[in-house]
Amino acid sequence: MLPSDLLVVWKRQGKIYPRYVKKTSNNLEIALNLIGIYKDGIGKKKKTLKKYVAEFEEHDYRFIRGLSVLLDRKSNFKCNSAIDPKKLRREVFELTGNLGAATTPKKRIQILKKASKKLELPTDTIENNIYADLDSELILESFKDLSPEELLELYNLSLTQTLLFDSIELRFTTLHNWQNIFFIAKKLGLIYEASQNGDLWVKIDGPNSLFKLTRRYGSNISKLIPSILKSSNWQIEAKILWKYTNEIYSFRIDSSNHKDLFRIQDNTEVYDSVVEADFGSRFQALKTKWVMRREPEPLIVGKHVMIPDFSFERDNLKIYMEVVGFWTTDYLLRKIKKLKEIKVQMLVAVDQSLACEALNQLKKRSSINILYYKKRIPLSPVLNFLKNAHKEIHLKQLNFLKNIKVNFTEPIVNFEEFAIRIGVSVEVVREVITHNPPENYIIWSKGLLKKEKAEHIKQQINKKMELKKKLPLTTVIELLIEEGINEISVINSVGYKIIWHGLDQEKAEVVNS
């Protein structure tokens with residue numbers, strides 16, 4: 001965060017945004033110069049550094065001072081006096097009380113001489129050290145270096161945190177890092193509410209809400225922002241009470257438009273246990289068609305959330321997995337209570353030493369499947385469970401597609417796009433349509449091509465092929481792109497074949513099959 005007087009914003013039509021800085025050559029040069037002041041300032045007083053910094057304030061004093069505040073936090077300043085400055089001041093002030101205020105140079109020298117005699121110190125030593133512990137007199141001992149890009153990204157993050165300090169409420173969603181986000185939110189004492197309508201959104205009441213009007217709460221909300229930004233995909237929304245006018249403004253940023261403004265932090269996966277890490281690495285090594293995610297989006301369980309350890313996704317099917325590998329009585333009871341409220345398919349891998357009647361009762365729930373393990377989670381039963389679940393959903397999707405009437409009118413039908421549109425897998429679409437293709441379409445690997453469209457493409461190719469009886473593959477690709485097709489596999493479906501001369505696409509040719 002930055003001091004509020006250094007926050008720079010623009011407001012328009014009920015919206016408010018910090019004036020983020022871009023990584024222009026000018027801004028990067030300014031950041032580099034300021035970093036240089038601190039790198040070269042080891043052993044200098046803080047007030048000396050600030051004097052050098054002030055020379056750049058003609059550019060934009062709030063921007064320059066904001067960068068300087070952030071550089072201060074990368075610095076370690078210390079009092080370099082061998083004598084306690086507070087003791088010196090106490091002695092001098094006592095003498096001043098006895099002798100009267102130093103209203104003239106002569107009186108000032110008199111007081112310093114008295115102090116010098118009493119403390120057995122030279123007068124210049126007293127003068128040089130009496131205020132050595134004040135902020136401006138501190139000496140720069142060390143500086144943690146950073147790049148100009150990092151400094152500008154840190155400045156943008158600090159602007160965001162400073163603005164959110166005056167929020168009424170904060171809402172956010174993200175793709176990853178939920179476990180860490182909720183851990184930090186709990187540690188900071190933030191009160192949140194989760195809701196799900198497609199994506200999971202978390203709402204946190206801000207410091208300016210009716211029940212939490214505290215500076216500390218606002219500061220804690222700001223501290224949560226870096227954890228949200230660790231994900232590769234995020235959105236943040238807030239309502240801001242602008243204290244100068246008491247007006248409420250909307251604020252919104254997302255990773256699609258603002259990711260480059262902030263420092264992208266390391267998002268390396270960290271497992272909670274050796275058991276989970278071992279299972280995750282072995283499953284990934286199998287290279288199955290399932291997409292495994294570590295700590296996916298939270299599930300809403302009553303008034304709480306639960307973050308499964310894994311999710312497995314394939315063909316619009318998502319199955320969650322929870323690993324119960326250590327316990328206390330309270331932990332196990334809380335875990336069982338949450339699992340009872342789960343409404344999605346969940347595979348629960350339980351250390352067999354934890355087997356108990358309460359866990360066995362969960363087997364009665366159709367959405368819960370318990371797998372006991374010893375030391376490490378076996379892959380075979382997990383794969384069998386996923387296989388059976390996929391087989392079941394595959395059959396349901398097949399029956400669904402077979403029982404609906406579909407009339408295609410488009411010249412080009414892409415299997416993947418059609419599958420997404422009706423909510424089934426690409427494999428199901430390909431299987432059903434290949435078995436019973438529409439009369440006026442031909443099938444190619446990626447979809448359907450209307451016969452009229454196929455004939456038109458053939459005419460275009462033949463027209464260009466009249467003289468040489470062959471065409472460069474690159475020429476045919478350009479023709480297909482103009483017709484709205486980005487796949488060369490359609491070439492075989494319309495009566496041609498590709499002759500390859502090595503691996504270079506530039507040398508390949510298209511001829512009649």
# chains A, B, ... in the order shown; residues from 1 in each chain; ligands from 1

$ residues_around --residues "segment 149-152 of chain A" --least-positions-apart "3" --cutoff "12 Å" --atoms "only C-alpha atoms" --output "ChimeraX atom specification"
/A:20-35,63-64,66-74,144-146,155-159,260-265

$ residues_around --residues "segment 232-234 of chain A" --least-positions-apart "3" --cutoff "6 Å" --atoms "only C-alpha atoms" --output "number ranges by chain"
A: 173-175, 254-255

$ select_by_dssp --residues "segment 58-185 of chain A" --states "strand (DSSP E or B)" --output "PyMOL selection string"
chain A and resi 75-78+139-143+167-174

$ write_last_selection --atoms "C-alpha atoms" --output "PDB file, in the first residue's frame"
ATOM      1  CA  SER A  75      15.918  -0.750   2.190  1.00  0.00           C
ATOM      2  CA  ASN A  76      17.344  -1.310   5.638  1.00  0.00           C
ATOM      3  CA  PHE A  77      18.034   1.959   7.453  1.00  0.00           C
ATOM      4  CA  LYS A  78      19.693   2.142  10.849  1.00  0.00           C
ATOM      5  CA  ILE A 139      21.790   5.642   7.364  1.00  0.00           C
ATOM      6  CA  LEU A 140      21.113   3.249   4.484  1.00  0.00           C
ATOM      7  CA  GLU A 141      22.768  -0.007   5.510  1.00  0.00           C
ATOM      8  CA  SER A 142      21.543  -2.338   2.736  1.00  0.00           C
ATOM      9  CA  PHE A 143      19.203  -2.389  -0.265  1.00  0.00           C
ATOM     10  CA  SER A 167     -13.873  -0.488  -0.244  1.00  0.00           C
ATOM     11  CA  ILE A 168     -17.407  -1.273   0.910  1.00  0.00           C
ATOM     12  CA  GLU A 169     -17.158  -4.775  -0.491  1.00  0.00           C
ATOM     13  CA  LEU A 170     -14.739  -6.854  -2.521  1.00  0.00           C
ATOM     14  CA  ARG A 171     -15.686  -9.711  -4.875  1.00  0.00           C
ATOM     15  CA  PHE A 172     -13.284 -11.973  -6.705  1.00  0.00           C
ATOM     16  CA  THR A 173     -12.973 -15.240  -8.571  1.00  0.00           C
ATOM     17  CA  THR A 174      -9.895 -17.108  -9.688  1.00  0.00           C
TER      18      THR A 174
END

$ atom_distance --atom1 "atom CA of Val510 of chain A" --atom2 "atom CA of Lys468 of chain A"
10.8 Å

$ atom_distance --atom1 "atom CA of Arg108 of chain A" --atom2 "atom CA of Leu134 of chain A"
20.8 Å

$ atom_distance --atom1 "atom CA of Lys391 of chain A" --atom2 "atom CA of Asn407 of chain A"
27.3 Å

$ select_by_dssp --residues "segment 338-437 of chain A" --states "helix (DSSP H, G or I)" --output "number ranges by chain"
A: 338-340, 352-354, 357-364, 379-402, 415-422, 426-435

$ residues_around --residues "Glu91 of chain A" --least-positions-apart "3" --cutoff "12 Å" --atoms "only C-alpha atoms" --output "list of chain:residue names"
A:Asp84, A:Pro85, A:Lys86, A:Lys87, A:Leu88, A:Glu94, A:Leu95, A:Thr96, A:Gly97, A:Asn98, A:Ile111, A:Leu112, A:Lys113, A:Lys114, A:Ala115, A:Ser116, A:Lys117, A:Lys118, A:Leu119, A:Ile126, A:Ile130

$ write_last_selection --atoms "C-alpha atoms" --output "compact mmCIF listing (two decimals), in the first residue's frame"
# COMPACT_ATOMS: atom_id res chain seq x y z
CA ASP A 84 22.29 6.97 22.46
CA PRO A 85 20.65 10.04 20.82
CA LYS A 86 17.79 9.95 23.31
CA LYS A 87 20.26 10.29 26.20
CA LEU A 88 21.95 13.24 24.47
CA GLU A 94 17.47 19.45 30.96
CA LEU A 95 20.23 22.05 30.62
CA THR A 96 17.95 24.14 28.41
CA GLY A 97 15.32 24.01 31.12
CA ASN A 98 17.82 25.24 33.69
CA ILE A 111 24.30 24.98 26.48
CA LEU A 112 26.39 22.70 24.23
CA LYS A 113 29.56 23.43 26.26
CA LYS A 114 27.75 22.60 29.50
CA ALA A 115 26.49 19.34 27.97
CA SER A 116 29.98 18.59 26.62
CA LYS A 117 31.51 18.99 30.06
CA LYS A 118 28.83 16.88 31.79
CA LEU A 119 28.89 14.08 29.22
CA ILE A 126 26.86 16.01 20.47
CA ILE A 130 21.68 14.31 19.01

$ residues_around --residues "segment 281-283 of chain A" --least-positions-apart "3" --cutoff "10 Å" --atoms "only C-alpha atoms" --output "PyMOL selection string"
chain A and resi 276-278+286-288+290+292+377-379+382-383

$ residues_around --residues "segment 40-54 of chain A" --least-positions-apart "2" --cutoff "6 Å" --atoms "only C-alpha atoms" --output "PyMOL selection string"
chain A and resi 36-38+56-57+136-141

$ write_last_selection --atoms "C-alpha atoms" --output "tab-separated table (two decimals), in the first residue's frame"
chain	number	residue	atom	x	y	z
A	36	GLY	CA	20.31	3.63	-8.86
A	37	ILE	CA	20.02	6.32	-6.17
A	38	TYR	CA	19.37	3.65	-3.54
A	56	PHE	CA	12.76	13.85	-10.51
A	57	GLU	CA	9.50	15.18	-9.03
A	136	SER	CA	15.60	11.56	8.03
A	137	GLU	CA	18.97	11.01	9.74
A	138	LEU	CA	19.02	7.20	9.44
A	139	ILE	CA	21.79	5.64	7.36
A	140	LEU	CA	21.11	3.25	4.48
A	141	GLU	CA	22.77	-0.01	5.51

$ closest_atom_pairs --of "segment 232-330 of chain A" --to "segment 193-197 of chain A" --cutoff "9 Å" --atoms "only C-alpha atoms" --output "JSON lines"
{"residue": "A:Leu299", "atom": "CA", "partner": "A:Gln196", "partner_atom": "CA", "distance": 8.6}
{"residue": "A:Ile300", "atom": "CA", "partner": "A:Ala194", "partner_atom": "CA", "distance": 7.0}
{"residue": "A:Lys303", "atom": "CA", "partner": "A:Glu193", "partner_atom": "CA", "distance": 7.8}
{"residue": "A:His304", "atom": "CA", "partner": "A:Ala194", "partner_atom": "CA", "distance": 7.7}
{"residue": "A:Val305", "atom": "CA", "partner": "A:Ala194", "partner_atom": "CA", "distance": 7.3}

$ closest_residue --among "A:Ile307, A:Leu317, A:Ile181, A:Ile248" --to "Val291 of chain A" --atoms "only C-alpha atoms"
A:Leu317

$ residues_around --residues "Phe165 of chain A" --least-positions-apart "5" --cutoff "7 Å" --atoms "only C-alpha atoms" --output "short mmCIF file (atom, residue, chain, number, x, y, z; two decimals) with N, CA and C atoms, in the first residue's frame"
data_model
loop_
_atom_site.label_atom_id
_atom_site.label_comp_id
_atom_site.auth_asym_id
_atom_site.auth_seq_id
_atom_site.Cartn_x
_atom_site.Cartn_y
_atom_site.Cartn_z
N GLY A 218 -9.31 -2.85 6.64
CA GLY A 218 -9.01 -2.41 5.28
C GLY A 218 -7.61 -2.81 4.86
N SER A 219 -6.67 -2.70 5.78
CA SER A 219 -5.30 -3.09 5.49
C SER A 219 -5.21 -4.59 5.21
N SER A 222 -6.37 -5.51 1.75
CA SER A 222 -5.32 -5.19 0.77
C SER A 222 -4.25 -6.27 0.74
#

$ residues_around --residues "Ile221 of chain A" --least-positions-apart "4" --cutoff "10 Å" --atoms "only C-alpha atoms" --output "list of chain:residue names"
A:Gln161, A:Leu164, A:Phe165, A:Asp166, A:Ser167, A:Glu169, A:Leu170, A:Ala185, A:Leu188, A:Gly189, A:Leu190, A:Ile191, A:Ile204, A:Asp205, A:Gly206, A:Pro207, A:Arg216, A:Tyr217, A:Ile225

$ closest_residue --among "A:Ile422, A:Ile83, A:Ile109, A:Leu99" --to "Phe400 of chain A" --atoms "only C-alpha atoms"
A:Ile422
